[in-house]
Amino acid sequence: MSSLQLSVLDLVPVRSDQATADSVAATLALARTADELGYRRYWLAEHHNMPAVAATNPPVLVGLVASATARIRVGSGGVMLPNHAPLVVAEQFALLEAAHPGRIDLGIGRAPGTDPVTSFALRHGAGGVTDEAVSRFPEYVDNVLAMMEPAGVGLTVAGRTHALRATPAARTVPTIWLLGSSDYSARLAAEKGMPYVFAHHFSGSGTAEALELYRSTFRPSPELAEPRTFLTVNAVVAESAEEAERLALPNLLMMVALRTGAPLGPQLLVEEAEKVDVPDSHRPLIEAMRPRWVVGDPDSARAQIEGLAATYGVDEVMVHPVAAAHEGTDPARSPAREQTLRLLAG
């Protein structure tokens with residue numbers, strides 16, 4: 001895969017044998033592995049109040065990962081902007097860029113990334129992620145972009161204009177991406193001349209249509225002359241296809257629980273997952289999801305990723321390593337996730 005760039009998406013999973021501290025330690029070890037292997041970027045997601053996900057605060061995680069690595073670009077995949085004041089997001093990522101110049105990406109999404117109760121709590125009881133916050137998403141994106149520029153933005157209050165900057169003396173700014181799982185963000189990114197990523201790993205359908213909409217309606221901007229995008233995909237790679245299928249099972253079961261409204265818990269270990277009796281009514285969900293994932297031995301997995309890149313016309317694929325762990329694994333490591341990255345890198 002000499003001409004294809006590989007990157008990593010991480011939700012900081014929490015297994016049944018882990019505390020949060022263990023899952024963070026495992027993520028830092030995975031990030032160092034990606035850095036050593038030459039992966040292009042490492043993005044951290046934003047999800048709240050989920051028993052199997054510790055990626056609740058992308059800026060904190062980006063800072064930890066950037067400090068633990070030397071070369072790789074680190075970013076959010078993504079910050080869910082309706083949950084936050086645009087100025088706070090701009091300040092956080094302006095500081096991260098100042099600390100790690102040229103290595104920071106800010107990926108921005110429109111979804112809440114959580115349930116309505118947690119959305120309410122995120123906004124300090126001020127009505128949750130309201131329809132107004134979502135409808136003003138394009139304005140909030142503009143605010144973040146302007147506030148991080150060295151000149152800042154002029155804010156008019158009581159008839160006077162005041163300078164507002166995310167940081168006092170910026171020299172560089174992060175690369176800012178729009179993320180989405182529908183055509184909304186594709187259209188907005190094209191209109192604003194921004195790079196765009198479709199959440200193929202999560203949705204698995206509509207990818208071709210969203211990318212075509214983005215490319216065909218793209219308007220060049222001072223920051224970006226041509227469309228820029230890549231693909232995300234769930235992946236499990238092991239020495240044998242049979243072992244890869246075993247390592248994929250816990251995450252498949254978690255996605256079934258999420259889609260069916262079943263109670264959620266920490267990610268199961270492989271041996272725990274193999275004892276689960278899957279209802280016949282849920283098997284079609286697994287059969288629909290599994291073919292959209294890259295699962296297999298190194299040769300077949302690389303061929304699948306190259307095929308996806310060719311199908312969607314991208315030169316970068318962001319791998320979400322969803323390999324689970326066996327009983328007896330060191331809680332502070334995720335060896336099967338590290339192995340997925342190593343085997344893909346060759």
# chains A, B, ... in the order shown; residues from 1 in each chain; ligands from 1
>>> closest_atom_pairs(of="segment 130-223 of chain A", to="segment 318-328 of chain A", cutoff="12 Å", atoms="only C-alpha atoms", output="CSV")
residue,atom,partner,partner_atom,distance
A:Val197,CA,A:Met318,CA,9.8
A:Phe198,CA,A:Met318,CA,10.8
A:Ala199,CA,A:Met318,CA,10.0
A:His200,CA,A:Met318,CA,9.8
A:His201,CA,A:His320,CA,7.4
A:Phe202,CA,A:His320,CA,9.9
>>> residues_around(residues="Asp330 of chain A", least_positions_apart="5", cutoff="10 Å", atoms="only C-alpha atoms", output="list in words")
Asp17, Gln18, Asp22, Ala26, Ala325 and Pro335 of chain A
>>> write_last_selection(atoms="N, CA and C atoms", output="PDB file, in the first residue's frame")
ATOM      1  N   ASP A  17     -12.635  -5.693  31.527  1.00  0.00           N
ATOM      2  CA  ASP A  17     -11.515  -5.896  32.452  1.00  0.00           C
ATOM      3  C   ASP A  17     -10.750  -4.597  32.719  1.00  0.00           C
ATOM      4  N   GLN A  18     -11.287  -3.453  32.299  1.00  0.00           N
ATOM      5  CA  GLN A  18     -10.552  -2.197  32.399  1.00  0.00           C
ATOM      6  C   GLN A  18     -11.263  -1.161  33.259  1.00  0.00           C
ATOM      7  N   ASP A  22      -7.017   2.480  32.673  1.00  0.00           N
ATOM      8  CA  ASP A  22      -6.437   1.451  31.806  1.00  0.00           C
ATOM      9  C   ASP A  22      -6.714   1.754  30.339  1.00  0.00           C
ATOM     10  N   ALA A  26      -4.043   2.349  27.395  1.00  0.00           N
ATOM     11  CA  ALA A  26      -4.033   1.536  26.176  1.00  0.00           C
ATOM     12  C   ALA A  26      -4.074   2.414  24.932  1.00  0.00           C
ATOM     13  N   ALA A 325     -10.168  -7.975  23.045  1.00  0.00           N
ATOM     14  CA  ALA A 325      -9.052  -8.597  23.781  1.00  0.00           C
ATOM     15  C   ALA A 325      -9.494  -9.940  24.341  1.00  0.00           C
ATOM     16  N   PRO A 335      -3.480  -5.259  22.811  1.00  0.00           N
ATOM     17  CA  PRO A 335      -2.553  -5.878  21.847  1.00  0.00           C
ATOM     18  C   PRO A 335      -3.181  -6.216  20.506  1.00  0.00           C
TER      19      PRO A 335
END
>>> atom_distance(atom1="atom CA of Leu87 of chain A", atom2="atom CA of Ala54 of chain A")
24.2 Å
>>> select_by_dssp(residues="segment 150-342 of chain A", states="helix (DSSP H, G or I)", output="PyMOL selection string")
chain A and resi 183-192+207-217+241-260+270-273+280-292+298-312+335-342
>>> closest_residue(among="A:Ile108, A:Asp299, A:Val74, A:Tyr39", to="Leu4 of chain A", atoms="only C-alpha atoms")
A:Tyr39
>>> closest_residue(among="A:Leu308, A:Val12, A:Ala94, A:Ala99", to="Met50 of chain A", atoms="only C-alpha atoms")
A:Val12
>>> residues_around(residues="Ser221 of chain A", least_positions_apart="3", cutoff="7 Å", atoms="only C-alpha atoms", output="PyMOL selection string")
chain A and resi 192-193+224-225
>>> atom_distance(atom1="atom CA of Tyr140 of chain A", atom2="atom CA of Ala121 of chain A")
20.0 Å
>>> decode(residues="segment 166-215 of chain A", atoms="N, CA and C atoms", output="PDB file, in the first residue's frame")
ATOM      1  N   ALA A 166      -8.799  33.712  19.836  1.00  0.00           N
ATOM      2  CA  ALA A 166      -8.720  32.477  20.609  1.00  0.00           C
ATOM      3  C   ALA A 166      -7.442  32.398  21.418  1.00  0.00           C
ATOM      4  N   THR A 167      -6.374  33.009  20.917  1.00  0.00           N
ATOM      5  CA  THR A 167      -5.107  33.039  21.638  1.00  0.00           C
ATOM      6  C   THR A 167      -4.373  34.320  21.239  1.00  0.00           C
ATOM      7  N   PRO A 168      -3.563  34.911  22.118  1.00  0.00           N
ATOM      8  CA  PRO A 168      -3.051  36.265  21.877  1.00  0.00           C
ATOM      9  C   PRO A 168      -2.186  36.435  20.636  1.00  0.00           C
ATOM     10  N   ALA A 169      -1.339  35.441  20.315  1.00  0.00           N
ATOM     11  CA  ALA A 169      -0.374  35.656  19.233  1.00  0.00           C
ATOM     12  C   ALA A 169      -0.175  34.380  18.439  1.00  0.00           C
ATOM     13  N   ALA A 170      -1.212  33.960  17.717  1.00  0.00           N
ATOM     14  CA  ALA A 170      -1.126  32.732  16.915  1.00  0.00           C
ATOM     15  C   ALA A 170      -0.169  32.917  15.744  1.00  0.00           C
ATOM     16  N   ARG A 171       0.594  31.895  15.454  1.00  0.00           N
ATOM     17  CA  ARG A 171       1.442  31.885  14.278  1.00  0.00           C
ATOM     18  C   ARG A 171       0.925  30.890  13.233  1.00  0.00           C
ATOM     19  N   THR A 172       0.303  29.819  13.698  1.00  0.00           N
ATOM     20  CA  THR A 172      -0.289  28.820  12.800  1.00  0.00           C
ATOM     21  C   THR A 172      -1.664  28.440  13.347  1.00  0.00           C
ATOM     22  N   VAL A 173      -2.480  27.847  12.504  1.00  0.00           N
ATOM     23  CA  VAL A 173      -3.800  27.387  12.929  1.00  0.00           C
ATOM     24  C   VAL A 173      -3.942  25.912  12.569  1.00  0.00           C
ATOM     25  N   PRO A 174      -4.784  25.160  13.319  1.00  0.00           N
ATOM     26  CA  PRO A 174      -5.009  23.757  12.967  1.00  0.00           C
ATOM     27  C   PRO A 174      -5.701  23.634  11.621  1.00  0.00           C
ATOM     28  N   THR A 175      -5.585  22.490  10.998  1.00  0.00           N
ATOM     29  CA  THR A 175      -6.408  22.181   9.837  1.00  0.00           C
ATOM     30  C   THR A 175      -7.809  21.823  10.341  1.00  0.00           C
ATOM     31  N   ILE A 176      -8.835  22.458   9.788  1.00  0.00           N
ATOM     32  CA  ILE A 176     -10.196  22.266  10.276  1.00  0.00           C
ATOM     33  C   ILE A 176     -10.996  21.483   9.246  1.00  0.00           C
ATOM     34  N   TRP A 177     -11.582  20.363   9.686  1.00  0.00           N
ATOM     35  CA  TRP A 177     -12.356  19.464   8.847  1.00  0.00           C
ATOM     36  C   TRP A 177     -13.814  19.470   9.291  1.00  0.00           C
ATOM     37  N   LEU A 178     -14.734  19.272   8.355  1.00  0.00           N
ATOM     38  CA  LEU A 178     -16.124  18.998   8.692  1.00  0.00           C
ATOM     39  C   LEU A 178     -16.363  17.499   8.565  1.00  0.00           C
ATOM     40  N   LEU A 179     -17.068  16.939   9.550  1.00  0.00           N
ATOM     41  CA  LEU A 179     -17.376  15.511   9.562  1.00  0.00           C
ATOM     42  C   LEU A 179     -18.879  15.324   9.469  1.00  0.00           C
ATOM     43  N   GLY A 180     -19.323  14.193   8.928  1.00  0.00           N
ATOM     44  CA  GLY A 180     -20.750  13.953   8.855  1.00  0.00           C
ATOM     45  C   GLY A 180     -21.086  12.545   8.443  1.00  0.00           C
ATOM     46  N   SER A 181     -22.356  12.156   8.680  1.00  0.00           N
ATOM     47  CA  SER A 181     -22.858  10.859   8.231  1.00  0.00           C
ATOM     48  C   SER A 181     -24.120  11.046   7.378  1.00  0.00           C
ATOM     49  N   SER A 182     -24.304  12.263   6.858  1.00  0.00           N
ATOM     50  CA  SER A 182     -25.386  12.555   5.922  1.00  0.00           C
ATOM     51  C   SER A 182     -24.856  13.558   4.909  1.00  0.00           C
ATOM     52  N   ASP A 183     -25.726  14.003   3.991  1.00  0.00           N
ATOM     53  CA  ASP A 183     -25.242  14.937   2.978  1.00  0.00           C
ATOM     54  C   ASP A 183     -25.176  16.374   3.476  1.00  0.00           C
ATOM     55  N   TYR A 184     -25.669  16.647   4.701  1.00  0.00           N
ATOM     56  CA  TYR A 184     -25.680  18.022   5.206  1.00  0.00           C
ATOM     57  C   TYR A 184     -24.270  18.595   5.285  1.00  0.00           C
ATOM     58  N   SER A 185     -23.385  17.885   5.986  1.00  0.00           N
ATOM     59  CA  SER A 185     -22.022  18.394   6.158  1.00  0.00           C
ATOM     60  C   SER A 185     -21.238  18.366   4.854  1.00  0.00           C
ATOM     61  N   ALA A 186     -21.561  17.408   3.972  1.00  0.00           N
ATOM     62  CA  ALA A 186     -20.906  17.382   2.655  1.00  0.00           C
ATOM     63  C   ALA A 186     -21.205  18.659   1.891  1.00  0.00           C
ATOM     64  N   ARG A 187     -22.470  19.069   1.914  1.00  0.00           N
ATOM     65  CA  ARG A 187     -22.875  20.278   1.209  1.00  0.00           C
ATOM     66  C   ARG A 187     -22.237  21.524   1.837  1.00  0.00           C
ATOM     67  N   LEU A 188     -22.220  21.565   3.190  1.00  0.00           N
ATOM     68  CA  LEU A 188     -21.674  22.730   3.888  1.00  0.00           C
ATOM     69  C   LEU A 188     -20.167  22.837   3.668  1.00  0.00           C
ATOM     70  N   ALA A 189     -19.450  21.711   3.747  1.00  0.00           N
ATOM     71  CA  ALA A 189     -18.000  21.724   3.519  1.00  0.00           C
ATOM     72  C   ALA A 189     -17.676  22.196   2.110  1.00  0.00           C
ATOM     73  N   ALA A 190     -18.455  21.733   1.138  1.00  0.00           N
ATOM     74  CA  ALA A 190     -18.233  22.161  -0.248  1.00  0.00           C
ATOM     75  C   ALA A 190     -18.474  23.655  -0.398  1.00  0.00           C
ATOM     76  N   GLU A 191     -19.520  24.158   0.233  1.00  0.00           N
ATOM     77  CA  GLU A 191     -19.860  25.578   0.148  1.00  0.00           C
ATOM     78  C   GLU A 191     -18.772  26.455   0.755  1.00  0.00           C
ATOM     79  N   LYS A 192     -18.174  25.989   1.864  1.00  0.00           N
ATOM     80  CA  LYS A 192     -17.176  26.784   2.569  1.00  0.00           C
ATOM     81  C   LYS A 192     -15.746  26.491   2.112  1.00  0.00           C
ATOM     82  N   GLY A 193     -15.574  25.540   1.203  1.00  0.00           N
ATOM     83  CA  GLY A 193     -14.235  25.207   0.735  1.00  0.00           C
ATOM     84  C   GLY A 193     -13.376  24.591   1.811  1.00  0.00           C
ATOM     85  N   MET A 194     -13.972  23.643   2.574  1.00  0.00           N
ATOM     86  CA  MET A 194     -13.276  22.992   3.677  1.00  0.00           C
ATOM     87  C   MET A 194     -13.066  21.506   3.380  1.00  0.00           C
ATOM     88  N   PRO A 195     -12.067  20.878   3.984  1.00  0.00           N
ATOM     89  CA  PRO A 195     -11.934  19.425   3.856  1.00  0.00           C
ATOM     90  C   PRO A 195     -13.068  18.722   4.593  1.00  0.00           C
ATOM     91  N   TYR A 196     -13.417  17.527   4.119  1.00  0.00           N
ATOM     92  CA  TYR A 196     -14.627  16.844   4.594  1.00  0.00           C
ATOM     93  C   TYR A 196     -14.370  15.344   4.723  1.00  0.00           C
ATOM     94  N   VAL A 197     -14.965  14.725   5.754  1.00  0.00           N
ATOM     95  CA  VAL A 197     -14.878  13.278   5.943  1.00  0.00           C
ATOM     96  C   VAL A 197     -16.273  12.725   6.226  1.00  0.00           C
ATOM     97  N   PHE A 198     -16.667  11.692   5.491  1.00  0.00           N
ATOM     98  CA  PHE A 198     -17.932  11.000   5.735  1.00  0.00           C
ATOM     99  C   PHE A 198     -17.672   9.816   6.661  1.00  0.00           C
ATOM    100  N   ALA A 199     -18.550   9.614   7.650  1.00  0.00           N
ATOM    101  CA  ALA A 199     -18.354   8.563   8.669  1.00  0.00           C
ATOM    102  C   ALA A 199     -18.762   7.196   8.126  1.00  0.00           C
ATOM    103  N   HIS A 200     -17.977   6.691   7.193  1.00  0.00           N
ATOM    104  CA  HIS A 200     -18.267   5.399   6.578  1.00  0.00           C
ATOM    105  C   HIS A 200     -18.229   4.287   7.617  1.00  0.00           C
ATOM    106  N   HIS A 201     -17.352   4.392   8.621  1.00  0.00           N
ATOM    107  CA  HIS A 201     -17.230   3.357   9.648  1.00  0.00           C
ATOM    108  C   HIS A 201     -18.510   3.211  10.454  1.00  0.00           C
ATOM    109  N   PHE A 202     -19.273   4.298  10.577  1.00  0.00           N
ATOM    110  CA  PHE A 202     -20.488   4.290  11.396  1.00  0.00           C
ATOM    111  C   PHE A 202     -21.725   4.027  10.550  1.00  0.00           C
ATOM    112  N   SER A 203     -21.807   4.692   9.416  1.00  0.00           N
ATOM    113  CA  SER A 203     -23.008   4.590   8.596  1.00  0.00           C
ATOM    114  C   SER A 203     -22.922   3.422   7.618  1.00  0.00           C
ATOM    115  N   GLY A 204     -21.862   3.428   6.808  1.00  0.00           N
ATOM    116  CA  GLY A 204     -21.681   2.343   5.862  1.00  0.00           C
ATOM    117  C   GLY A 204     -22.542   2.443   4.619  1.00  0.00           C
ATOM    118  N   SER A 205     -23.472   3.393   4.594  1.00  0.00           N
ATOM    119  CA  SER A 205     -24.294   3.604   3.402  1.00  0.00           C
ATOM    120  C   SER A 205     -24.347   5.095   3.106  1.00  0.00           C
ATOM    121  N   GLY A 206     -24.491   5.412   1.850  1.00  0.00           N
ATOM    122  CA  GLY A 206     -24.532   6.820   1.464  1.00  0.00           C
ATOM    123  C   GLY A 206     -23.178   7.453   1.266  1.00  0.00           C
ATOM    124  N   THR A 207     -22.109   6.673   1.398  1.00  0.00           N
ATOM    125  CA  THR A 207     -20.757   7.229   1.300  1.00  0.00           C
ATOM    126  C   THR A 207     -20.496   7.800  -0.094  1.00  0.00           C
ATOM    127  N   ALA A 208     -20.770   7.009  -1.123  1.00  0.00           N
ATOM    128  CA  ALA A 208     -20.488   7.457  -2.488  1.00  0.00           C
ATOM    129  C   ALA A 208     -21.271   8.715  -2.830  1.00  0.00           C
ATOM    130  N   GLU A 209     -22.538   8.757  -2.412  1.00  0.00           N
ATOM    131  CA  GLU A 209     -23.378   9.901  -2.713  1.00  0.00           C
ATOM    132  C   GLU A 209     -22.875  11.158  -2.015  1.00  0.00           C
ATOM    133  N   ALA A 210     -22.478  11.031  -0.730  1.00  0.00           N
ATOM    134  CA  ALA A 210     -21.992  12.193   0.018  1.00  0.00           C
ATOM    135  C   ALA A 210     -20.689  12.719  -0.573  1.00  0.00           C
ATOM    136  N   LEU A 211     -19.771  11.819  -0.933  1.00  0.00           N
ATOM    137  CA  LEU A 211     -18.499  12.266  -1.495  1.00  0.00           C
ATOM    138  C   LEU A 211     -18.686  12.896  -2.873  1.00  0.00           C
ATOM    139  N   GLU A 212     -19.599  12.358  -3.666  1.00  0.00           N
ATOM    140  CA  GLU A 212     -19.869  12.941  -4.974  1.00  0.00           C
ATOM    141  C   GLU A 212     -20.487  14.325  -4.833  1.00  0.00           C
ATOM    142  N   LEU A 213     -21.402  14.487  -3.884  1.00  0.00           N
ATOM    143  CA  LEU A 213     -22.006  15.796  -3.631  1.00  0.00           C
ATOM    144  C   LEU A 213     -20.934  16.794  -3.225  1.00  0.00           C
ATOM    145  N   TYR A 214     -20.042  16.370  -2.326  1.00  0.00           N
ATOM    146  CA  TYR A 214     -18.965  17.255  -1.869  1.00  0.00           C
ATOM    147  C   TYR A 214     -18.067  17.663  -3.034  1.00  0.00           C
ATOM    148  N   ARG A 215     -17.635  16.692  -3.816  1.00  0.00           N
ATOM    149  CA  ARG A 215     -16.693  16.998  -4.897  1.00  0.00           C
ATOM    150  C   ARG A 215     -17.332  17.835  -6.006  1.00  0.00           C
TER     151      ARG A 215
END
